[in-house]
>>> print(open('entry38.cif').read())   # mmCIF, C-alpha atoms
data_run
loop_
_atom_site.group_PDB
_atom_site.id
_atom_site.type_symbol
_atom_site.label_atom_id
_atom_site.label_comp_id
_atom_site.auth_asym_id
_atom_site.auth_seq_id
_atom_site.Cartn_x
_atom_site.Cartn_y
_atom_site.Cartn_z
ATOM 1 C CA ALA A 753 7.001 28.445 -69.929
ATOM 2 C CA PHE A 754 4.256 30.224 -71.846
ATOM 3 C CA ASP A 755 1.027 28.865 -73.324
ATOM 4 C CA PHE A 756 -0.671 30.452 -76.328
ATOM 5 C CA SER A 757 -3.557 29.435 -78.587
ATOM 6 C CA LEU A 758 -5.142 30.965 -81.695
ATOM 7 C CA THR A 759 -8.325 29.775 -83.393
ATOM 8 C CA GLY A 760 -9.706 30.799 -86.783
ATOM 9 C CA LEU A 761 -13.305 29.665 -86.481
ATOM 10 C CA ALA A 762 -14.320 30.450 -90.065
ATOM 11 C CA ASN A 763 -11.154 31.684 -91.745
ATOM 12 C CA ASN A 764 -7.647 30.768 -92.781
ATOM 13 C CA ILE A 765 -4.620 31.656 -90.656
ATOM 14 C CA LEU A 766 -1.875 33.493 -92.578
ATOM 15 C CA LEU A 767 1.384 34.095 -90.725
ATOM 16 C CA ALA A 768 3.986 36.799 -91.326
ATOM 17 C CA ASN A 769 7.727 36.504 -90.672
ATOM 18 C CA SER A 770 8.297 35.785 -86.960
ATOM 19 C CA ALA A 771 4.563 36.073 -86.347
ATOM 20 C CA ILE A 772 4.867 33.838 -83.293
ATOM 21 C CA ALA A 773 8.043 33.645 -81.222
ATOM 22 C CA VAL A 774 7.808 31.921 -77.839
ATOM 23 C CA THR A 775 11.215 31.347 -76.285
ATOM 24 C CA GLY A 776 10.368 30.191 -72.771
ATOM 25 C CA ALA A 777 11.448 26.599 -72.224
ATOM 26 C CA GLY A 778 8.590 24.092 -72.191
ATOM 27 C CA SER A 779 6.116 26.480 -73.819
ATOM 28 C CA THR A 780 3.093 25.303 -75.790
ATOM 29 C CA VAL A 781 1.476 26.970 -78.795
ATOM 30 C CA SER A 782 -1.703 25.772 -80.516
ATOM 31 C CA LEU A 783 -3.148 27.028 -83.813
ATOM 32 C CA THR A 784 -6.554 25.803 -85.025
ATOM 33 C CA SER A 785 -8.074 26.818 -88.352
ATOM 34 C CA ALA A 786 -11.352 25.970 -90.076
ATOM 35 C CA GLY A 787 -9.426 26.536 -93.312
ATOM 36 C CA THR A 788 -5.665 26.502 -93.868
ATOM 37 C CA ILE A 789 -2.555 27.561 -91.972
ATOM 38 C CA ASN A 790 -0.023 29.205 -94.278
ATOM 39 C CA ASP A 791 3.209 31.184 -94.265
ATOM 40 C CA ALA A 792 3.131 34.545 -96.068
ATOM 41 C CA SER A 793 6.814 35.406 -95.652
ATOM 42 C CA GLY A 794 8.949 32.489 -96.801
ATOM 43 C CA ALA A 795 10.942 32.936 -93.579
ATOM 44 C CA THR A 796 10.475 31.297 -90.184
ATOM 45 C CA SER A 797 6.983 32.238 -89.036
ATOM 46 C CA ILE A 798 6.687 30.191 -85.825
ATOM 47 C CA THR A 799 9.350 29.692 -83.156
ATOM 48 C CA VAL A 800 8.478 27.692 -80.039
ATOM 49 C CA ASN A 801 10.891 26.449 -77.395
ATOM 50 C CA GLY A 802 8.600 23.543 -76.657
ATOM 51 C CA THR A 803 5.535 22.055 -78.358
ATOM 52 C CA LEU A 804 3.583 23.363 -81.353
ATOM 53 C CA THR A 805 0.185 21.912 -82.285
ATOM 54 C CA LEU A 806 -1.299 22.708 -85.697
ATOM 55 C CA ASP A 807 -4.849 21.696 -86.649
ATOM 56 C CA ALA A 808 -6.223 22.885 -89.991
ATOM 57 C CA THR A 809 -9.295 21.523 -91.746
ATOM 58 C CA THR A 810 -8.023 22.018 -95.302
ATOM 59 C CA GLY A 811 -4.260 21.872 -94.990
ATOM 60 C CA ILE A 812 -1.028 23.356 -93.674
ATOM 61 C CA GLY A 813 1.573 24.951 -95.927
ATOM 62 C CA THR A 814 -0.684 24.623 -98.959
ATOM 63 C CA THR A 815 0.761 27.653 -100.817
ATOM 64 C CA ALA A 816 4.393 27.213 -99.723
ATOM 65 C CA ALA A 817 6.127 25.323 -96.952
ATOM 66 C CA LEU A 818 5.252 26.535 -93.454
ATOM 67 C CA ASN A 819 8.587 27.351 -91.829
ATOM 68 C CA THR A 820 8.934 26.554 -88.139
ATOM 69 C CA SER A 821 11.549 26.309 -85.430
ATOM 70 C CA VAL A 822 10.170 23.976 -82.755
ATOM 71 C CA SER A 823 11.223 21.022 -80.611
ATOM 72 C CA ASN A 824 7.970 19.058 -80.785
ATOM 73 C CA LEU A 825 5.282 19.252 -83.478
ATOM 74 C CA THR A 826 1.830 17.686 -83.644
ATOM 75 C CA VAL A 827 -0.147 18.187 -86.861
ATOM 76 C CA SER A 828 -3.675 17.356 -87.962
ATOM 77 C CA SER A 829 -5.759 18.006 -91.070
ATOM 78 C CA ASN A 830 -8.993 16.549 -92.396
ATOM 79 C CA GLY A 831 -7.995 17.164 -96.020
ATOM 80 C CA GLY A 832 -5.280 19.163 -97.738
ATOM 81 C CA ASP A 833 -1.522 19.099 -98.139
ATOM 82 C CA LEU A 834 0.798 19.265 -95.124
ATOM 83 C CA ILE A 835 4.075 20.906 -96.182
ATOM 84 C CA ILE A 836 6.303 21.964 -93.294
ATOM 85 C CA HIS A 837 10.026 22.680 -92.885
ATOM 86 C CA ASN A 838 11.557 22.914 -89.423
ATOM 87 C CA ILE A 839 14.798 24.722 -88.673
ATOM 88 C CA GLY A 840 16.731 22.198 -86.603
ATOM 89 C CA GLY A 841 15.710 18.865 -85.147
ATOM 90 C CA MET A 842 12.286 17.930 -83.808
ATOM 91 C CA THR A 843 9.892 15.170 -82.815
ATOM 92 C CA LEU A 844 6.782 14.784 -85.010
ATOM 93 C CA THR A 845 3.398 13.138 -84.435
ATOM 94 C CA GLY A 846 -0.024 13.520 -86.023
ATOM 95 C CA SER A 847 -2.301 12.707 -88.944
ATOM 96 C CA GLY A 848 -3.464 14.074 -92.329
ATOM 97 C CA GLY A 849 -3.742 15.262 -95.057
ATOM 98 C CA GLY A 850 -6.146 12.715 -96.655
ATOM 99 C CA ALA A 851 -6.668 10.819 -99.890
ATOM 100 C CA GLY A 852 -4.896 12.333 -102.886
ATOM 101 C CA THR A 853 -2.927 14.889 -100.875
ATOM 102 C CA SER A 854 0.767 15.218 -100.000
ATOM 103 C CA VAL A 855 2.502 15.224 -96.637
ATOM 104 C CA TYR A 856 6.085 16.491 -96.867
ATOM 105 C CA ILE A 857 7.703 17.365 -93.557
ATOM 106 C CA SER A 858 11.432 18.042 -93.385
ATOM 107 C CA THR A 859 13.913 19.235 -90.788
ATOM 108 C CA GLY A 860 17.375 20.719 -90.604
ATOM 109 C CA SER A 861 17.867 17.418 -88.775
ATOM 110 C CA PRO A 862 17.530 15.156 -86.959
ATOM 111 C CA ILE A 863 13.858 14.100 -86.881
ATOM 112 C CA SER A 864 12.012 11.517 -84.793
ATOM 113 C CA VAL A 865 8.641 10.478 -86.215
ATOM 114 C CA GLY A 866 5.611 8.610 -84.963
ATOM 115 C CA PRO A 867 2.904 7.821 -84.595
ATOM 116 C CA PHE A 868 1.634 9.313 -87.861
ATOM 117 C CA ASP A 869 -1.283 8.390 -90.153
ATOM 118 C CA GLY A 870 -1.332 9.937 -93.617
ATOM 119 C CA LEU A 871 -5.010 9.032 -94.094
ATOM 120 C CA GLY A 872 -4.368 8.315 -97.770
ATOM 121 C CA ALA A 873 -1.775 11.016 -98.449
ATOM 122 C CA ALA A 874 1.599 10.437 -100.071
ATOM 123 C CA VAL A 875 3.814 10.712 -96.991
ATOM 124 C CA THR A 876 7.424 11.916 -97.097
ATOM 125 C CA PHE A 877 9.610 12.666 -94.083
ATOM 126 C CA ALA A 878 13.169 13.942 -94.481
ATOM 127 C CA ALA A 879 16.068 14.567 -92.115
ATOM 128 C CA GLU A 880 18.107 16.886 -94.305
ATOM 129 C CA GLY A 881 21.853 17.408 -94.285
ATOM 130 C CA THR A 882 25.184 15.635 -94.680
ATOM 131 C CA ALA A 883 26.360 15.268 -91.072
ATOM 132 C CA ALA A 884 26.607 12.027 -89.093
ATOM 133 C CA THR A 885 23.823 13.330 -86.815
ATOM 134 C CA ASP A 886 21.297 13.885 -89.606
ATOM 135 C CA ASP A 887 19.233 10.825 -88.716
ATOM 136 C CA LEU A 888 15.573 9.936 -89.050
ATOM 137 C CA THR A 889 14.288 7.769 -86.191
ATOM 138 C CA VAL A 890 10.982 5.886 -86.254
ATOM 139 C CA ILE A 891 9.506 6.122 -82.740
ATOM 140 C CA GLY A 892 5.893 5.173 -83.545
ATOM 141 C CA ASN A 893 3.801 3.561 -86.263
ATOM 142 C CA ILE A 894 3.769 5.358 -89.620
ATOM 143 C CA THR A 895 1.085 4.468 -92.155
ATOM 144 C CA THR A 896 -1.054 5.640 -95.056
ATOM 145 C CA ALA A 897 -3.718 4.061 -97.271
ATOM 146 C CA ALA A 898 -3.519 3.590 -101.050
ATOM 147 C CA ASN A 899 -0.431 5.784 -101.281
ATOM 148 C CA THR A 900 3.291 5.838 -100.504
ATOM 149 C CA VAL A 901 5.525 6.291 -97.473
ATOM 150 C CA THR A 902 9.037 7.587 -98.173
ATOM 151 C CA LEU A 903 11.714 8.209 -95.542
ATOM 152 C CA TYR A 904 14.938 10.145 -96.196
ATOM 153 C CA ALA A 905 17.916 10.695 -93.920
ATOM 154 C CA GLY A 906 21.089 12.604 -94.668
ATOM 155 C CA ASP A 907 22.744 9.996 -92.475
ATOM 156 C CA SER A 908 20.905 6.958 -91.066
ATOM 157 C CA ILE A 909 17.326 5.722 -90.799
ATOM 158 C CA ILE A 910 16.848 4.130 -87.372
ATOM 159 C CA HIS A 911 13.658 2.053 -87.019
ATOM 160 C CA ASN A 912 13.008 1.335 -83.352
ATOM 161 C CA THR A 913 11.623 -1.935 -82.030
ATOM 162 C CA GLY A 914 7.881 -2.518 -81.807
ATOM 163 C CA PHE A 915 6.891 -0.064 -84.520
ATOM 164 C CA THR A 916 5.565 -0.623 -88.057
ATOM 165 C CA VAL A 917 5.940 1.471 -91.185
ATOM 166 C CA SER A 918 3.184 0.461 -93.573
ATOM 167 C CA THR A 919 0.909 1.137 -96.496
ATOM 168 C CA THR A 920 -2.527 -0.422 -96.892
ATOM 169 C CA THR A 921 -4.470 -1.272 -100.076
ATOM 170 C CA SER A 922 -1.579 -0.151 -102.303
ATOM 171 C CA GLY A 923 1.566 1.968 -102.266
ATOM 172 C CA ALA A 924 5.301 1.457 -101.824
ATOM 173 C CA VAL A 925 7.468 1.960 -98.749
ATOM 174 C CA THR A 926 10.871 3.505 -99.484
ATOM 175 C CA TYR A 927 13.867 4.077 -97.171
ATOM 176 C CA LYS A 928 16.763 6.178 -98.498
ATOM 177 C CA ALA A 929 19.659 6.673 -96.094
ATOM 178 C CA GLY A 930 22.661 8.842 -96.936
ATOM 179 C CA VAL A 931 20.478 11.073 -99.117
ATOM 180 C CA ASN A 932 20.101 14.785 -98.455
ATOM 181 C CA PHE A 933 16.563 15.664 -99.633
ATOM 182 C CA ALA A 934 16.857 19.422 -99.044
ATOM 183 C CA GLY A 935 14.517 21.370 -101.288
ATOM 184 C CA ALA A 936 12.839 18.098 -102.303
ATOM 185 C CA VAL A 937 15.857 17.246 -104.483
ATOM 186 C CA GLU A 938 17.926 14.107 -103.877
ATOM 187 C CA ALA A 939 21.627 14.786 -103.307
ATOM 188 C CA ALA A 940 24.594 13.210 -101.544
ATOM 189 C CA GLY A 941 24.270 12.866 -97.785
ATOM 190 C CA ASN A 942 26.724 11.237 -95.388
ATOM 191 C CA ALA A 943 28.785 8.277 -96.616
ATOM 192 C CA GLY A 944 28.231 6.472 -93.320
ATOM 193 C CA GLY A 945 24.466 6.498 -93.702
ATOM 194 C CA SER A 946 22.828 3.150 -92.935
ATOM 195 C CA ILE A 947 19.414 1.579 -92.357
ATOM 196 C CA GLU A 948 19.087 0.109 -88.876
ATOM 197 C CA MET A 949 15.938 -1.883 -88.121
ATOM 198 C CA ALA A 950 15.840 -3.067 -84.519
ATOM 199 C CA ASP A 951 14.705 -6.578 -83.592
ATOM 200 C CA GLY A 952 10.901 -6.492 -83.587
ATOM 201 C CA SER A 953 10.493 -3.589 -85.989
ATOM 202 C CA THR A 954 8.408 -4.122 -89.130
ATOM 203 C CA VAL A 955 7.909 -2.790 -92.635
ATOM 204 C CA ASN A 956 4.646 -3.953 -94.211
ATOM 205 C CA SER A 957 3.916 -2.640 -97.698
ATOM 206 C CA ALA A 958 0.802 -3.144 -99.814
ATOM 207 C CA GLY A 959 3.082 -2.487 -102.788
ATOM 208 C CA ALA A 960 6.857 -2.635 -103.145
ATOM 209 C CA VAL A 961 9.648 -2.046 -100.651
ATOM 210 C CA VAL A 962 12.794 -0.182 -101.692
ATOM 211 C CA MET A 963 15.769 0.376 -99.380
ATOM 212 C CA SER A 964 19.147 1.909 -100.134
ATOM 213 C CA ALA A 965 22.110 3.144 -98.091
ATOM 214 C CA PRO A 966 25.768 3.939 -98.804
ATOM 215 C CA GLY A 967 26.552 1.954 -95.653
ATOM 216 C CA SER A 968 24.881 -1.233 -94.427
ATOM 217 C CA ILE A 969 21.257 -2.381 -94.093
ATOM 218 C CA GLN A 970 20.210 -4.189 -90.918
ATOM 219 C CA LEU A 971 16.840 -5.963 -91.151
ATOM 220 C CA SER A 972 14.147 -7.231 -88.848
ATOM 221 C CA THR A 973 10.931 -8.036 -90.768
ATOM 222 C CA VAL A 974 10.122 -6.649 -94.212
ATOM 223 C CA THR A 975 6.988 -7.730 -96.092
ATOM 224 C CA ALA A 976 5.891 -6.502 -99.527
ATOM 225 C CA ALA A 977 2.855 -7.397 -101.617
ATOM 226 C CA THR A 978 5.044 -7.047 -104.709
ATOM 227 C CA THR A 979 8.796 -6.593 -105.125
ATOM 228 C CA VAL A 980 11.599 -5.916 -102.673
ATOM 229 C CA GLY A 981 14.800 -4.157 -103.704
ATOM 230 C CA MET A 982 17.665 -3.470 -101.299
ATOM 231 C CA THR A 983 21.049 -1.921 -102.027
ATOM 232 C CA ALA A 984 23.762 -1.617 -99.388
ATOM 233 C CA ASP A 985 26.941 0.254 -100.369
ATOM 234 C CA ASP A 986 24.721 2.322 -102.668
ATOM 235 C CA ASN A 987 26.854 4.473 -104.964
ATOM 236 C CA THR A 988 24.190 6.640 -106.579
ATOM 237 C CA PHE A 989 25.911 9.761 -105.221
ATOM 238 C CA ALA A 990 29.464 8.339 -105.192
ATOM 239 C CA LEU A 991 29.299 7.580 -101.453
ATOM 240 C CA GLY A 992 29.785 3.801 -101.611
ATOM 241 C CA ASN A 993 33.000 2.612 -99.958
ATOM 242 C CA ASN A 994 32.854 -1.157 -100.566
ATOM 243 C CA VAL A 995 31.935 -2.047 -96.977
ATOM 244 C CA GLY A 996 28.120 -2.130 -96.985
ATOM 245 C CA ALA A 997 26.423 -5.410 -96.019
ATOM 246 C CA ILE A 998 22.847 -6.657 -95.569
ATOM 247 C CA THR A 999 22.367 -8.359 -92.191
ATOM 248 C CA GLU A 1000 19.507 -9.232 -89.832
ATOM 249 C CA VAL A 1001 18.807 -9.028 -86.095
ATOM 250 C CA LEU A 1002 15.407 -10.723 -85.830
ATOM 251 C CA THR A 1003 15.086 -13.125 -82.903
ATOM 252 C CA GLY A 1004 14.154 -16.619 -84.106
ATOM 253 C CA GLU A 1005 14.022 -18.099 -87.576
ATOM 254 C CA ALA A 1006 11.047 -16.288 -89.137
ATOM 255 C CA ALA A 1007 11.495 -14.781 -92.591
ATOM 256 C CA ASN A 1008 13.255 -11.458 -92.718
ATOM 257 C CA ILE A 1009 12.053 -10.602 -96.239
ATOM 258 C CA THR A 1010 8.833 -11.557 -98.021
ATOM 259 C CA GLY A 1011 7.961 -10.423 -101.549
ATOM 260 C CA THR A 1012 7.129 -11.647 -105.033
ATOM 261 C CA THR A 1013 10.626 -10.872 -106.337
ATOM 262 C CA VAL A 1014 13.522 -9.963 -104.054
ATOM 263 C CA THR A 1015 16.670 -8.246 -105.346
ATOM 264 C CA LEU A 1016 19.569 -7.730 -102.935
ATOM 265 C CA SER A 1017 22.904 -6.031 -103.540
ATOM 266 C CA ALA A 1018 25.738 -5.530 -101.045
ATOM 267 C CA ALA A 1019 29.515 -5.089 -101.145
ATOM 268 C CA THR A 1020 30.551 -7.292 -98.223
ATOM 269 C CA GLY A 1021 27.897 -9.950 -97.839
ATOM 270 C CA ILE A 1022 24.238 -10.782 -97.355
ATOM 271 C CA GLY A 1023 23.258 -12.593 -94.174
ATOM 272 C CA SER A 1024 25.556 -14.988 -92.322
ATOM 273 C CA ALA A 1025 25.932 -18.697 -91.730
ATOM 274 C CA GLU A 1026 23.546 -18.472 -88.753
ATOM 275 C CA ASP A 1027 20.812 -16.483 -90.598
#
>>> encode(input="entry38.cif", output="structure tokens")
Amino acid sequence: AFDFSLTGLANNILLANSAIAVTGAGSTVSLTSAGTINDASGATSITVNGTLTLDATTGIGTTAALNTSVSNLTVSSNGGDLIIHNIGGMTLTGSGGGAGTSVYISTGSPISVGPFDGLGAAVTFAAEGTAATDDLTVIGNITTAANTVTLYAGDSIIHNTGFTVSTTTSGAVTYKAGVNFAGAVEAAGNAGGSIEMADGSTVNSAGAVVMSAPGSIQLSTVTAATTVGMTADDNTFALGNNVGAITEVLTGEAANITGTTVTLSAATGIGSAED
């Protein structure tokens, strides 16, 4: 293992192609900037066989996506966009970029996310690809204020128990499984993509909730200040196969869905006689 840190006390950090390559297993790399951290090459600028920590006062990947190849990533910014693409799968935690900014972090899949606080940014996380392993897994709370949270998975979105995905004040929460969001363009993912909320997981939106999957949608607790729309067996990209259902796994008889208007669509059923 190898540990490395770089601090720009009064300046931006601008990285060339393969500027940092640390291949020892379990290594840690930390970059701290009083300005921004950006990628000058368009190629992979940081490779770490371990954990990368990025802390930039005014943003990361503000001119173009910062390209990384890491196993674990922690990010922080007091204000400014966070635009990062990782080659391969990773685990992500952190906070930023702040009110009116954008957080868009994508991987060559899969990605595990949480905890993460957008601090008012529009937050988008994407597990890109079309394979059955291109999943996004929620492993901590994800939130932002007065803005949106959008999750994409080329295959499935797996929302683990005990964690909440939320917006406060305003802003929608959107889950799109079976959608490959490579290059920030929606395209067909894997036809088996589903949304799997574990018992005790929660979505709490200060705006609307939208969920879609070419496969099934499994619910725990979903609450929206406005509308809820859910589509299982979604055929937007011709992936529907007439087997998607909407079911629930919540222990007890509390409401699974709360909203002003709820619209549900599924090929093979909604709920069951016991629900």
>>> residues_around(input="entry38.cif", residues="Val917 (chain A)", least_positions_apart="6", cutoff="6 Å", atoms="all atoms listed in the file", output="list in words")
Asn893, Ile894, Thr895 and Val955 of chain A
>>> atom_distance(input="entry38.cif", atom1="CA of Ala897 (chain A)", atom2="CA of Thr919 (chain A)")
5.5 Å
>>> residues_around(input="entry38.cif", residues="region 943-953 of chain A", least_positions_apart="3", cutoff="7 Å", atoms="all atoms listed in the file", output="PyMOL selection string")
chain A and resi 907-916+929-930+965-973+991-992+1001-1003
>>> atom_distance(input="entry38.cif", atom1="CA of Lys928 (chain A)", atom2="CA of Ser829 (chain A)")
26.5 Å
>>> residues_near_point(input="entry38.cif", point="(13.7, 35.5, -71.9)", cutoff="12 Å", atoms="only C-alpha atoms", output="number ranges by chain")
A: 753-754, 773-777, 779, 801
>>> residues_around(input="entry38.cif", residues="Leu844 (chain A)", least_positions_apart="5", cutoff="9 Å", atoms="all atoms listed in the file", output="list in words")
Ser823, Asn824, Leu825, Thr826, Val827, Ile857, Ile863, Ser864, Val865, Gly866, Pro867 and Phe868 of chain A
>>> atom_distance(input="entry38.cif", atom1="CA of Gly848 (chain A)", atom2="CA of Leu834 (chain A)")
7.3 Å
>>> residues_around(input="entry38.cif", residues="Ile798 (chain A)", least_positions_apart="5", cutoff="8 Å", atoms="only C-alpha atoms", output="PDB file with C-alpha atoms, in the frame of the given file")
ATOM      1  CA  SER A 770       8.297  35.785 -86.960  1.00  0.00           C
ATOM      2  CA  ALA A 771       4.563  36.073 -86.347  1.00  0.00           C
ATOM      3  CA  ILE A 772       4.867  33.838 -83.293  1.00  0.00           C
ATOM      4  CA  ALA A 773       8.043  33.645 -81.222  1.00  0.00           C
ATOM      5  CA  ASN A 819       8.587  27.351 -91.829  1.00  0.00           C
ATOM      6  CA  THR A 820       8.934  26.554 -88.139  1.00  0.00           C
ATOM      7  CA  SER A 821      11.549  26.309 -85.430  1.00  0.00           C
ATOM      8  CA  VAL A 822      10.170  23.976 -82.755  1.00  0.00           C
TER       9      VAL A 822
END
>>> closest_residue(input="entry38.cif", among="A:Leu758, A:Ala939, A:Val901, A:Ala934", to="His837 (chain A)", atoms="only C-alpha atoms")
A:Ala934
>>> resolve_selection(input="entry38.cif", expression="the PyMOL selection byres ((chain A and resi 782) around 9)", output="MDAnalysis selection string")
chainID A and resid 755:759 780:781 783:784 803:807
>>> residues_around(input="entry38.cif", residues="Thr814 (chain A)", least_positions_apart="5", cutoff="9 Å", atoms="only C-alpha atoms", output="list in words")
Thr788, Ile789, Asn790, Asp791, Gly832, Asp833, Leu834 and Ile835 of chain A
>>> resolve_selection(input="entry38.cif", expression="the PyMOL selection byres ((chain A and resi 880-887) around 7)", output="list in words")
Ser858, Thr859, Gly860, Ser861, Pro862, Ile863, Ala878, Ala879, Leu888, Thr889, Ala905, Gly906, Asp907, Ser908, Ile909, Asn932, Phe933, Ala934, Gly941 and Asn942 of chain A
>>> residues_near_point(input="entry38.cif", point="(-4.2, -3.8, -102.9)", cutoff="8 Å", atoms="all atoms listed in the file", output="NGL selection string")
:A and (898 or 920-922 or 958-959)
>>> resolve_selection(input="entry38.cif", expression="the PyMOL selection byres ((chain A and resi 830) around 9)", output="ChimeraX atom specification")
/A:807-811,828-829,831-832,847-850,871
>>> axis_aligned_box(input="entry38.cif", around="region 985-988 of chain A", padding_each_side="6 Å", output="JSON")
{"center_x": 25.6, "center_y": 3.4, "center_z": -103.5, "size_x": 14.8, "size_y": 18.4, "size_z": 18.2}
>>> closest_residue(input="entry38.cif", among="A:Ile812, A:Ile891, A:Leu1016, A:Ile839", to="Val855 (chain A)", atoms="only C-alpha atoms")
A:Ile812
>>> closest_residue(input="entry38.cif", among="A:Ala762, A:Ala851, A:Val962, A:Val931", to="Ala990 (chain A)", atoms="only C-alpha atoms")
A:Val931
>>> closest_residue(input="entry38.cif", among="A:Val875, A:Ala924, A:Ala1018, A:Val937", to="Gly846 (chain A)", atoms="only C-alpha atoms")
A:Val875
>>> closest_residue(input="entry38.cif", among="A:Ala816, A:Val974, A:Ala940, A:Ala795", to="Ser957 (chain A)", atoms="all atoms listed in the file")
A:Val974
>>> decode(input="entry38.cif", residues="region 1000-1011 of chain A", atoms="N, CA and C atoms", output="PDB file, in the first residue's frame")
ATOM      1  N   GLU A1000     -44.669  -5.416  -2.749  1.00  0.00           N
ATOM      2  CA  GLU A1000     -44.126  -4.752  -1.558  1.00  0.00           C
ATOM      3  C   GLU A1000     -43.602  -5.772  -0.569  1.00  0.00           C
ATOM      4  N   VAL A1001     -42.623  -5.317   0.271  1.00  0.00           N
ATOM      5  CA  VAL A1001     -42.009  -6.215   1.248  1.00  0.00           C
ATOM      6  C   VAL A1001     -42.029  -5.615   2.654  1.00  0.00           C
ATOM      7  N   LEU A1002     -42.738  -4.516   2.837  1.00  0.00           N
ATOM      8  CA  LEU A1002     -42.733  -3.821   4.120  1.00  0.00           C
ATOM      9  C   LEU A1002     -43.407  -4.661   5.202  1.00  0.00           C
ATOM     10  N   THR A1003     -42.714  -4.824   6.335  1.00  0.00           N
ATOM     11  CA  THR A1003     -43.307  -5.527   7.467  1.00  0.00           C
ATOM     12  C   THR A1003     -44.437  -4.694   8.070  1.00  0.00           C
ATOM     13  N   GLY A1004     -45.579  -5.317   8.334  1.00  0.00           N
ATOM     14  CA  GLY A1004     -46.718  -4.608   8.894  1.00  0.00           C
ATOM     15  C   GLY A1004     -47.647  -4.076   7.826  1.00  0.00           C
ATOM     16  N   GLU A1005     -48.599  -3.256   8.252  1.00  0.00           N
ATOM     17  CA  GLU A1005     -49.650  -2.796   7.355  1.00  0.00           C
ATOM     18  C   GLU A1005     -49.615  -1.286   7.105  1.00  0.00           C
ATOM     19  N   ALA A1006     -48.465  -0.656   7.328  1.00  0.00           N
ATOM     20  CA  ALA A1006     -48.337   0.772   7.020  1.00  0.00           C
ATOM     21  C   ALA A1006     -48.397   0.980   5.511  1.00  0.00           C
ATOM     22  N   ALA A1007     -48.694   2.217   5.119  1.00  0.00           N
ATOM     23  CA  ALA A1007     -48.808   2.535   3.692  1.00  0.00           C
ATOM     24  C   ALA A1007     -47.471   2.358   3.000  1.00  0.00           C
ATOM     25  N   ASN A1008     -47.532   1.756   1.831  1.00  0.00           N
ATOM     26  CA  ASN A1008     -46.335   1.647   0.999  1.00  0.00           C
ATOM     27  C   ASN A1008     -46.105   2.895   0.161  1.00  0.00           C
ATOM     28  N   ILE A1009     -47.205   3.547  -0.269  1.00  0.00           N
ATOM     29  CA  ILE A1009     -47.106   4.705  -1.153  1.00  0.00           C
ATOM     30  C   ILE A1009     -48.008   5.807  -0.624  1.00  0.00           C
ATOM     31  N   THR A1010     -47.447   7.019  -0.509  1.00  0.00           N
ATOM     32  CA  THR A1010     -48.224   8.193  -0.130  1.00  0.00           C
ATOM     33  C   THR A1010     -47.924   9.313  -1.121  1.00  0.00           C
ATOM     34  N   GLY A1011     -48.981   9.906  -1.678  1.00  0.00           N
ATOM     35  CA  GLY A1011     -48.818  11.024  -2.604  1.00  0.00           C
ATOM     36  C   GLY A1011     -50.165  11.638  -2.907  1.00  0.00           C
TER      37      GLY A1011
END
